[in-house]
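S.K.: So that you have it, the file is structure-v8.cif, and it contains mmCIF, C-alpha atoms:
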```
data_work
#
loop_
_atom_site.label_atom_id
_atom_site.label_comp_id
_atom_site.auth_asym_id
_atom_site.auth_seq_id
_atom_site.Cartn_x
_atom_site.Cartn_y
_atom_site.Cartn_z
CA MET Y 1 85.43 -34.59 -52.18
CA ILE Y 2 82.95 -35.52 -49.45
CA PRO Y 3 79.43 -35.37 -50.90
CA ALA Y 4 77.10 -33.19 -48.82
CA PRO Y 5 73.50 -34.36 -48.37
CA ALA Y 6 71.45 -33.08 -51.31
CA PHE Y 7 69.27 -30.84 -49.14
CA LEU Y 8 72.37 -29.14 -47.73
CA SER Y 9 73.49 -27.98 -51.13
CA ASN Y 10 70.09 -27.10 -52.58
CA PRO Y 11 68.09 -24.45 -50.67
CA GLU Y 12 64.84 -25.15 -52.55
CA ARG Y 13 64.97 -28.84 -51.71
CA PHE Y 14 65.89 -28.00 -48.10
CA MET Y 15 62.94 -25.62 -47.77
CA ALA Y 16 60.56 -28.28 -49.14
CA PHE Y 17 62.01 -30.92 -46.80
CA SER Y 18 62.06 -28.74 -43.67
CA ARG Y 19 58.51 -27.50 -44.22
CA TRP Y 20 57.09 -30.86 -43.14
CA ALA Y 21 60.08 -32.19 -41.17
CA ALA Y 22 60.19 -29.32 -38.62
CA PRO Y 23 56.61 -29.76 -37.32
CA MET Y 24 56.97 -33.55 -37.48
CA PHE Y 25 60.05 -33.45 -35.23
CA GLY Y 26 58.16 -31.08 -32.92
CA VAL Y 27 55.28 -33.53 -32.50
CA VAL Y 28 57.72 -36.42 -31.91
CA ALA Y 29 59.49 -34.31 -29.25
CA VAL Y 30 56.24 -33.61 -27.37
CA VAL Y 31 55.17 -37.28 -27.40
CA LEU Y 32 58.59 -38.49 -26.23
CA ALA Y 33 58.82 -35.78 -23.55
CA LEU Y 34 55.39 -36.66 -22.13
CA ALA Y 35 56.29 -40.37 -22.03
CA GLY Y 36 59.69 -39.64 -20.48
CA LEU Y 37 58.24 -37.31 -17.84
CA TRP Y 38 55.55 -39.84 -16.94
CA LEU Y 39 58.13 -42.61 -16.46
CA GLY Y 40 60.43 -40.18 -14.65
CA PHE Y 41 57.79 -39.29 -12.08
CA ILE Y 42 56.63 -42.86 -11.45
CA ALA Y 43 60.24 -44.05 -10.95
CA PRO Y 44 61.11 -44.79 -7.30
CA GLU Y 45 63.29 -42.43 -5.28
CA ASP Y 46 66.99 -43.20 -5.40
CA TYR Y 47 68.26 -44.86 -2.21
CA GLN Y 48 71.05 -42.29 -1.87
CA GLN Y 49 69.87 -39.19 -3.75
CA GLY Y 50 66.18 -39.38 -2.94
CA ASP Y 51 63.90 -37.37 -5.22
CA THR Y 52 66.76 -35.25 -6.57
CA VAL Y 53 67.45 -38.08 -9.01
CA ARG Y 54 64.56 -36.65 -11.06
CA ILE Y 55 66.75 -33.66 -11.94
CA MET Y 56 68.91 -36.15 -13.87
CA PHE Y 57 66.12 -36.63 -16.45
CA ILE Y 58 66.37 -33.01 -17.56
CA HIS Y 59 70.00 -32.26 -16.69
CA VAL Y 60 71.76 -35.11 -18.50
CA PRO Y 61 69.89 -34.70 -21.85
CA ALA Y 62 70.67 -30.95 -21.74
CA ALA Y 63 74.37 -31.77 -21.26
CA TRP Y 64 74.25 -34.33 -24.11
CA MET Y 65 72.62 -31.75 -26.35
CA GLY Y 66 75.15 -29.06 -25.45
CA MET Y 67 77.84 -31.36 -26.84
CA PHE Y 68 75.82 -32.80 -29.73
CA VAL Y 69 74.79 -29.38 -31.00
CA TYR Y 70 78.40 -28.24 -30.86
CA ALA Y 71 79.36 -31.29 -32.95
CA CYS Y 72 76.65 -30.20 -35.45
CA LEU Y 73 78.05 -26.66 -35.37
CA GLY Y 74 81.54 -28.01 -36.02
CA GLY Y 75 80.38 -30.30 -38.85
CA ALA Y 76 78.37 -27.56 -40.54
CA SER Y 77 81.27 -25.13 -40.12
CA PHE Y 78 83.62 -27.63 -41.76
CA LEU Y 79 81.26 -27.99 -44.76
CA ALA Y 80 80.86 -24.23 -44.97
CA LEU Y 81 84.59 -23.57 -44.75
CA VAL Y 82 85.80 -26.30 -47.11
CA PHE Y 83 82.94 -26.68 -49.60
CA ARG Y 84 81.46 -23.16 -49.30
CA HIS Y 85 77.93 -24.48 -48.86
CA ALA Y 86 75.77 -21.47 -48.01
CA LEU Y 87 73.21 -23.69 -46.30
CA ALA Y 88 75.90 -25.31 -44.18
CA ASP Y 89 76.90 -21.86 -42.96
CA ALA Y 90 73.24 -21.05 -42.25
CA ALA Y 91 73.01 -24.35 -40.35
CA ALA Y 92 76.06 -23.47 -38.25
CA GLN Y 93 74.71 -20.01 -37.47
CA ALA Y 94 71.28 -21.43 -36.59
CA ALA Y 95 72.69 -24.11 -34.28
CA ALA Y 96 74.75 -21.84 -32.02
CA PRO Y 97 71.98 -20.13 -29.97
CA LEU Y 98 70.22 -23.47 -29.45
CA GLY Y 99 73.43 -25.13 -28.30
CA ALA Y 100 74.16 -22.24 -25.95
CA ALA Y 101 70.65 -22.55 -24.47
CA PHE Y 102 71.09 -26.30 -23.86
CA THR Y 103 74.49 -25.68 -22.26
CA VAL Y 104 73.09 -22.97 -19.95
CA LEU Y 105 70.33 -25.41 -19.02
CA ALA Y 106 72.88 -28.15 -18.27
CA LEU Y 107 74.91 -25.82 -16.04
CA ALA Y 108 71.88 -24.38 -14.23
CA THR Y 109 70.11 -27.71 -13.60
CA GLY Y 110 73.47 -29.18 -12.62
CA ALA Y 111 73.88 -26.44 -10.00
CA LEU Y 112 70.37 -27.18 -8.69
CA TRP Y 113 71.31 -30.86 -8.40
CA GLY Y 114 74.79 -30.19 -7.03
CA ARG Y 115 73.67 -28.00 -4.13
CA PRO Y 116 71.71 -30.71 -2.25
CA MET Y 117 74.08 -33.57 -3.24
CA TRP Y 118 77.52 -31.96 -3.04
CA GLY Y 119 76.70 -29.04 -0.77
CA ALA Y 120 77.86 -26.58 -3.45
CA TRP Y 121 76.23 -24.84 -6.43
CA TRP Y 122 79.51 -24.86 -8.31
CA VAL Y 123 82.96 -26.41 -8.04
CA TRP Y 124 85.93 -25.88 -10.38
CA ASP Y 125 85.81 -29.53 -11.30
CA ALA Y 126 87.11 -30.71 -14.70
CA ARG Y 127 83.65 -31.62 -16.06
CA LEU Y 128 81.94 -28.42 -14.94
CA THR Y 129 84.81 -26.24 -16.08
CA SER Y 130 85.03 -27.88 -19.51
CA VAL Y 131 81.27 -27.42 -19.98
CA LEU Y 132 81.67 -23.77 -19.01
CA VAL Y 133 84.39 -23.52 -21.67
CA LEU Y 134 81.91 -25.08 -24.14
CA LEU Y 135 79.42 -22.32 -23.30
CA LEU Y 136 82.14 -19.70 -23.81
CA PHE Y 137 82.87 -21.14 -27.27
CA TYR Y 138 79.18 -20.80 -28.18
CA LEU Y 139 79.08 -17.22 -26.90
CA ALA Y 140 82.35 -16.34 -28.64
CA TYR Y 141 81.04 -17.80 -31.92
CA MET Y 142 77.84 -15.77 -31.74
CA ALA Y 143 79.68 -12.59 -30.71
CA LEU Y 144 82.20 -13.00 -33.52
CA ARG Y 145 79.47 -13.50 -36.13
CA ALA Y 146 77.57 -10.50 -34.85
CA SER Y 147 80.63 -8.26 -34.78
CA LEU Y 148 81.52 -8.58 -38.49
CA ASP Y 149 79.37 -6.82 -41.12
CA ASP Y 150 80.89 -8.74 -44.02
CA GLU Y 151 78.93 -12.04 -44.13
CA THR Y 152 81.70 -13.92 -45.93
CA LYS Y 153 84.37 -12.88 -43.45
CA ALA Y 154 82.02 -13.56 -40.53
CA ALA Y 155 81.26 -17.03 -41.88
CA ARG Y 156 84.94 -17.89 -42.35
CA ALA Y 157 86.06 -16.52 -38.97
CA GLY Y 158 83.13 -18.17 -37.20
CA ALA Y 159 83.82 -21.52 -38.87
CA ILE Y 160 87.49 -21.45 -37.81
CA LEU Y 161 86.55 -20.59 -34.24
CA ALA Y 162 83.89 -23.32 -34.20
CA LEU Y 163 86.40 -25.91 -35.44
CA VAL Y 164 88.92 -24.89 -32.77
CA GLY Y 165 86.20 -25.43 -30.16
CA VAL Y 166 85.60 -29.01 -31.35
CA VAL Y 167 88.82 -29.91 -29.49
CA ASN Y 168 86.91 -29.26 -26.26
CA LEU Y 169 84.30 -31.98 -26.95
CA PRO Y 170 86.50 -35.01 -26.08
CA ILE Y 171 87.78 -33.05 -23.08
CA VAL Y 172 84.21 -32.61 -21.82
CA HIS Y 173 83.40 -36.27 -22.42
CA TRP Y 174 86.52 -37.81 -20.89
CA SER Y 175 87.17 -35.16 -18.22
CA VAL Y 176 85.65 -37.46 -15.62
CA ASN Y 177 88.17 -40.19 -16.56
CA TRP Y 178 91.25 -38.04 -17.10
CA TRP Y 179 90.96 -36.08 -13.86
CA ASN Y 180 89.84 -36.88 -10.34
CA THR Y 181 86.48 -35.10 -10.36
CA LEU Y 182 83.57 -34.60 -8.02
CA HIS Y 183 81.22 -35.13 -10.96
CA GLN Y 184 80.27 -38.76 -11.43
CA GLY Y 185 81.61 -40.77 -14.35
CA ALA Y 186 79.66 -41.87 -17.44
CA SER Y 187 76.81 -44.22 -16.60
CA VAL Y 188 75.06 -44.53 -19.99
CA PHE Y 189 77.54 -44.17 -22.87
CA ARG Y 190 80.35 -46.33 -21.53
CA LYS Y 191 82.15 -49.58 -22.30
CA GLY Y 192 80.13 -52.48 -20.94
CA GLY Y 193 76.80 -50.66 -21.29
CA PRO Y 194 74.73 -48.50 -18.94
CA THR Y 195 75.08 -49.03 -15.19
CA MET Y 196 71.77 -47.58 -14.07
CA THR Y 197 68.52 -49.41 -13.48
CA VAL Y 198 65.92 -49.35 -16.25
CA ASP Y 199 63.62 -47.37 -13.91
CA TYR Y 200 65.92 -44.41 -14.54
CA LEU Y 201 67.44 -45.41 -17.86
CA TYR Y 202 64.19 -45.47 -19.88
CA PRO Y 203 62.91 -42.01 -18.86
CA LEU Y 204 66.41 -40.64 -19.34
CA LEU Y 205 66.68 -42.06 -22.87
CA LEU Y 206 63.14 -40.97 -23.78
CA LEU Y 207 63.85 -37.41 -22.64
CA GLY Y 208 67.22 -37.52 -24.42
CA LEU Y 209 65.41 -38.42 -27.65
CA ALA Y 210 62.77 -35.74 -26.94
CA TYR Y 211 65.49 -33.08 -26.57
CA MET Y 212 67.10 -34.35 -29.78
CA ALA Y 213 63.80 -34.16 -31.69
CA ALA Y 214 63.10 -30.69 -30.27
CA PHE Y 215 66.52 -29.55 -31.39
CA GLY Y 216 65.92 -31.07 -34.85
CA SER Y 217 62.67 -29.16 -35.17
CA LEU Y 218 64.02 -25.82 -33.90
CA TRP Y 219 67.23 -26.14 -35.93
CA LEU Y 220 65.23 -26.58 -39.13
CA VAL Y 221 63.02 -23.60 -38.23
CA ARG Y 222 66.08 -21.42 -37.58
CA ILE Y 223 67.82 -22.51 -40.79
CA ARG Y 224 64.64 -21.62 -42.70
CA ALA Y 225 64.68 -18.21 -40.99
CA GLU Y 226 68.31 -17.78 -42.01
CA VAL Y 227 67.50 -18.65 -45.65
CA TRP Y 228 64.70 -16.05 -45.66
CA ARG Y 229 66.95 -13.48 -43.98
CA ARG Y 230 69.60 -13.91 -46.65
CA ARG Y 231 67.00 -13.73 -49.41
CA ALA Y 232 65.51 -10.55 -47.92
CA GLU Y 233 68.89 -8.91 -47.47
CA ALA Y 234 70.00 -9.85 -50.99
CA ALA Y 235 66.74 -8.39 -52.36
CA ALA Y 236 67.21 -5.23 -50.29
CA LEU Y 237 70.73 -4.86 -51.66
CA ARG Y 238 69.50 -5.31 -55.24
CA ALA Y 239 66.76 -2.73 -54.65
CA ALA Y 240 69.27 -0.25 -53.18
CA ARG Y 241 71.50 -0.64 -56.25
CA GLY Y 242 68.50 0.04 -58.44
CA MET J 1 51.71 -43.90 -9.33
CA LEU J 2 52.92 -40.38 -10.03
CA ASP J 3 55.21 -39.06 -7.31
CA LEU J 4 54.88 -35.27 -7.45
CA ASP J 5 55.92 -34.65 -3.86
CA PRO J 6 59.70 -34.35 -3.70
CA GLY J 7 59.60 -33.41 -0.02
CA PRO J 8 62.53 -31.31 1.19
CA TYR J 9 64.09 -31.33 -2.29
CA ALA J 10 61.15 -29.49 -3.89
CA VAL J 11 63.11 -26.26 -3.62
CA TYR J 12 65.70 -27.71 -6.06
CA ILE J 13 63.57 -29.95 -8.28
CA TRP J 14 60.76 -27.57 -9.25
CA PRO J 15 63.07 -24.66 -10.13
CA ALA J 16 65.09 -27.07 -12.31
CA TYR J 17 61.95 -28.17 -14.18
CA GLY J 18 60.60 -24.61 -14.29
CA LEU J 19 63.85 -23.32 -15.76
CA THR J 20 63.81 -26.09 -18.36
CA VAL J 21 60.27 -25.20 -19.41
CA LEU J 22 61.20 -21.50 -19.55
CA VAL J 23 64.28 -22.11 -21.71
CA PHE J 24 62.26 -24.31 -24.10
CA ILE J 25 59.54 -21.65 -24.35
CA LEU J 26 62.19 -19.02 -25.13
CA MET J 27 63.84 -21.27 -27.75
CA ILE J 28 60.51 -22.09 -29.43
CA ALA J 29 59.17 -18.52 -29.35
CA GLY J 30 62.48 -17.04 -30.47
CA SER J 31 62.86 -19.48 -33.37
CA LEU J 32 59.27 -19.14 -34.59
CA ASN J 33 59.27 -15.33 -34.33
CA ARG J 34 62.56 -15.10 -36.19
CA ALA J 35 61.29 -17.37 -38.97
CA ARG J 36 58.00 -15.49 -39.24
CA ARG J 37 59.69 -12.07 -39.33
CA TRP J 38 62.18 -12.96 -42.07
CA ARG J 39 59.65 -14.87 -44.15
CA ARG J 40 57.41 -11.78 -44.19
CA LYS J 41 60.33 -9.56 -45.23
CA ALA J 42 61.49 -12.00 -47.94
CA GLU J 43 57.93 -12.30 -49.28
CA ALA J 44 57.45 -8.52 -49.23
CA PHE J 45 60.61 -8.05 -51.31
CA SER J 46 59.60 -10.73 -53.80
CA LYS J 47 56.12 -9.14 -54.16
CA ASP J 48 57.74 -5.73 -54.74
CA ARG J 49 59.93 -7.22 -57.43
CA GLU J 50 56.98 -8.89 -59.16
CA ALA J 51 55.06 -5.61 -59.06
#
```
Can you give me the file's structure in the form of structure tokens?
M.R.:
Amino acid sequence: MIPAPAFLSNPERFMAFSRWAAPMFGVVAVVLALAGLWLGFIAPEDYQQGDTVRIMFIHVPAAWMGMFVYACLGGASFLALVFRHALADAAAQAAAPLGAAFTVLALATGALWGRPMWGAWWVWDARLTSVLVLLLFYLAYMALRASLDDETKAARAGAILALVGVVNLPIVHWSVNWWNTLHQGASVFRKGGPTMTVDYLYPLLLLGLAYMAAFGSLWLVRIRAEVWRRRAEAAALRAARG
Amino acid sequence: MLDLDPGPYAVYIWPAYGLTVLVFILMIAGSLNRARRWRRKAEAFSKDREA
């Protein structure tokens, strides 16, 4: 049996941990974002893309987070499905809206970057289409959870759907290698290291870490909300039964 | 030196940053409101039970 982290299997310990961890991650996110934005706006214009290169600093981290959050959703769903950890299910449920928001942001900022560079807001390119499919998995997960009154059934059905969607993650990542796409290939997480100049790499990485810290903070807040919701609903049920 | 003048690309860059700020505000406000609302309800039920 794979041991789950202690705070995932013990709600009291999780609530104690998240009480200080959530604001701490929030502060880290703000500091990293300010540093990343500063470096991003003192970086020189790109020789080909001009100032539009600054959209990269907010678009690429959003795309990373869309995928990373889905991996978290998949991992939490696996723990919830196999080990029946209630907190893992709460974590999966809490991650989905945040992941959907990051994916919407990636698609929207990508369109705003694509229009001046490609001459089109949208193309049915493998990368864009697979990210759209990622968004549809998030939306389907949330819709499925909302449509079932029975929490146990909703958790199981949602977890299965989330795990099916994990198949899409390598497709998103390698779509630019497997197909001939308009979207550029990987320039940071690739064999041989990043290809971009440090003028762009440092702000990009700082903002990537800022997005990650922001997600960490908001995820913890939403899991706490989910724990309270379940407590309140359990108490309401007990009260109704007398 | 800060370069806050994107020239002809301002029409793409500022909406991208504005949208990012808006989505973050919605995520933060939504998460905090949700947590606050359910904490109040959970605490109200636990107070009722103690009473």
S.K.: Residues of region 123-236 of chain Y within 12 Å of region 37-48 of chain J: nearest atom pair and distance (Å, one decimal) for each, counting only C-alpha atoms, sorted by chain and number, as a tab-separated table?
M.R.:
```
residue	atom	partner	partner_atom	distance
Y:Val221	CA	J:Arg39	CA	11.1
Y:Arg222	CA	J:Trp38	CA	10.3
Y:Ile223	CA	J:Trp38	CA	11.2
Y:Arg224	CA	J:Arg39	CA	8.5
Y:Ala225	CA	J:Trp38	CA	5.9
Y:Glu226	CA	J:Trp38	CA	7.8
Y:Val227	CA	J:Trp38	CA	8.6
Y:Trp228	CA	J:Trp38	CA	5.4
Y:Arg229	CA	J:Trp38	CA	5.2
Y:Arg230	CA	J:Ala42	CA	8.4
Y:Arg231	CA	J:Ala42	CA	6.0
Y:Ala232	CA	J:Ala42	CA	4.3
Y:Glu233	CA	J:Ala42	CA	8.0
Y:Ala234	CA	J:Ala42	CA	9.3
Y:Ala235	CA	J:Phe45	CA	6.2
Y:Ala236	CA	J:Phe45	CA	7.2
```
S.K.: Spell out the residues picked by the PyMOL selection byres ((chain Y and resi 194-205) around 10) here, as number ranges by chain.
M.R.: Y: 32-46, 53-54, 56-61, 186-193, 206-211
S.K.: Rounded to one decimal in Å, what is the spacing between CA of Ala21 (chain Y) and CA of Ala214 (chain Y)?
M.R.: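 One can read the CA of Ala21 (chain Y) to CA of Ala214 (chain Y) distance as 11.4 Å.
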S.K.: Just how far from CA of Asp149 (chain Y) is CA of Gly66 (chain Y), in Å to one decimal?
M.R.: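 CA of Asp149 (chain Y) lies 27.5 Å from CA of Gly66 (chain Y).
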S.K.: Find the residues around Ala22 (chain Y) up to 9 Å (only C-alpha atoms counted), leave out those fewer than 3 positions away in its own chain, and share them as a list in words.
M.R.: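 Here the qualifying residues turn out to be Phe17, Ser18, Arg19, Phe25, Gly26, Val27, Ala214, Gly216, Ser217, Leu218, Trp219, Leu220 and Val221 of chain Y.
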S.K.: Can you complete the atoms of region 9-20 of chain J to all heavy atoms and list them as a compact mmCIF listing (two decimals), keeping the file's coordinate frame?
M.R.:
```txt
# COMPACT_ATOMS: atom_id res chain seq x y z
N TYR J 9 63.32 -31.68 -1.08
CA TYR J 9 64.09 -31.33 -2.29
C TYR J 9 63.28 -30.53 -3.31
O TYR J 9 63.77 -30.20 -4.38
CB TYR J 9 64.64 -32.59 -2.96
CG TYR J 9 65.64 -33.33 -2.10
CD1 TYR J 9 65.42 -34.65 -1.74
CD2 TYR J 9 66.79 -32.71 -1.65
CE1 TYR J 9 66.32 -35.35 -0.95
CE2 TYR J 9 67.70 -33.38 -0.85
CZ TYR J 9 67.46 -34.70 -0.51
OH TYR J 9 68.37 -35.37 0.28
N ALA J 10 62.01 -30.24 -2.96
CA ALA J 10 61.15 -29.49 -3.89
C ALA J 10 61.79 -28.17 -4.30
O ALA J 10 61.67 -27.74 -5.45
CB ALA J 10 59.80 -29.23 -3.23
N VAL J 11 62.50 -27.56 -3.38
CA VAL J 11 63.11 -26.26 -3.62
C VAL J 11 64.20 -26.33 -4.71
O VAL J 11 64.57 -25.32 -5.30
CB VAL J 11 63.64 -25.68 -2.29
CG1 VAL J 11 64.85 -26.45 -1.80
CG2 VAL J 11 63.94 -24.22 -2.41
N TYR J 12 64.71 -27.53 -4.98
CA TYR J 12 65.70 -27.71 -6.06
C TYR J 12 65.05 -28.28 -7.32
O TYR J 12 65.41 -27.91 -8.44
CB TYR J 12 66.83 -28.64 -5.61
CG TYR J 12 67.53 -28.14 -4.38
CD1 TYR J 12 67.33 -28.74 -3.13
CD2 TYR J 12 68.38 -27.03 -4.45
CE1 TYR J 12 67.96 -28.27 -2.00
CE2 TYR J 12 69.02 -26.55 -3.32
CZ TYR J 12 68.80 -27.17 -2.10
OH TYR J 12 69.42 -26.69 -0.98
N ILE J 13 64.13 -29.23 -7.13
CA ILE J 13 63.57 -29.95 -8.28
C ILE J 13 62.65 -29.06 -9.11
O ILE J 13 62.80 -28.97 -10.33
CB ILE J 13 62.83 -31.22 -7.81
CG1 ILE J 13 63.86 -32.20 -7.24
CG2 ILE J 13 62.07 -31.87 -8.97
CD1 ILE J 13 63.26 -33.41 -6.57
N TRP J 14 61.71 -28.37 -8.47
CA TRP J 14 60.76 -27.57 -9.25
C TRP J 14 61.42 -26.40 -9.98
O TRP J 14 61.09 -26.14 -11.14
CB TRP J 14 59.55 -27.13 -8.41
CG TRP J 14 58.74 -28.31 -7.95
CD1 TRP J 14 58.34 -28.59 -6.67
CD2 TRP J 14 58.25 -29.41 -8.74
NE1 TRP J 14 57.64 -29.78 -6.63
CE2 TRP J 14 57.57 -30.30 -7.87
CE3 TRP J 14 58.32 -29.74 -10.09
CZ2 TRP J 14 56.97 -31.49 -8.32
CZ3 TRP J 14 57.72 -30.93 -10.55
CH2 TRP J 14 57.07 -31.77 -9.68
N PRO J 15 62.38 -25.68 -9.34
CA PRO J 15 63.07 -24.66 -10.13
C PRO J 15 63.82 -25.24 -11.33
O PRO J 15 63.87 -24.62 -12.40
CB PRO J 15 64.06 -24.05 -9.13
CG PRO J 15 63.42 -24.28 -7.81
CD PRO J 15 62.72 -25.59 -7.92
N ALA J 16 64.38 -26.45 -11.18
CA ALA J 16 65.09 -27.07 -12.31
C ALA J 16 64.12 -27.34 -13.45
O ALA J 16 64.41 -27.04 -14.62
CB ALA J 16 65.77 -28.36 -11.86
N TYR J 17 62.95 -27.90 -13.14
CA TYR J 17 61.95 -28.17 -14.18
C TYR J 17 61.37 -26.87 -14.74
O TYR J 17 61.14 -26.74 -15.94
CB TYR J 17 60.84 -29.10 -13.63
CG TYR J 17 61.24 -30.56 -13.72
CD1 TYR J 17 62.01 -31.16 -12.73
CD2 TYR J 17 60.89 -31.34 -14.82
CE1 TYR J 17 62.41 -32.49 -12.82
CE2 TYR J 17 61.28 -32.67 -14.92
CZ TYR J 17 62.04 -33.24 -13.91
OH TYR J 17 62.44 -34.55 -14.02
N GLY J 18 61.14 -25.90 -13.83
CA GLY J 18 60.60 -24.61 -14.29
C GLY J 18 61.56 -23.91 -15.24
O GLY J 18 61.14 -23.38 -16.28
N LEU J 19 62.84 -23.94 -14.90
CA LEU J 19 63.85 -23.32 -15.76
C LEU J 19 63.91 -24.01 -17.12
O LEU J 19 64.03 -23.36 -18.17
CB LEU J 19 65.21 -23.41 -15.06
CG LEU J 19 66.34 -22.60 -15.68
CD1 LEU J 19 66.05 -21.11 -15.52
CD2 LEU J 19 67.66 -22.94 -14.99
N THR J 20 63.79 -25.33 -17.10
CA THR J 20 63.81 -26.09 -18.36
C THR J 20 62.64 -25.69 -19.24
O THR J 20 62.82 -25.44 -20.44
CB THR J 20 63.77 -27.61 -18.06
OG1 THR J 20 64.92 -27.93 -17.28
CG2 THR J 20 63.77 -28.43 -19.33
```
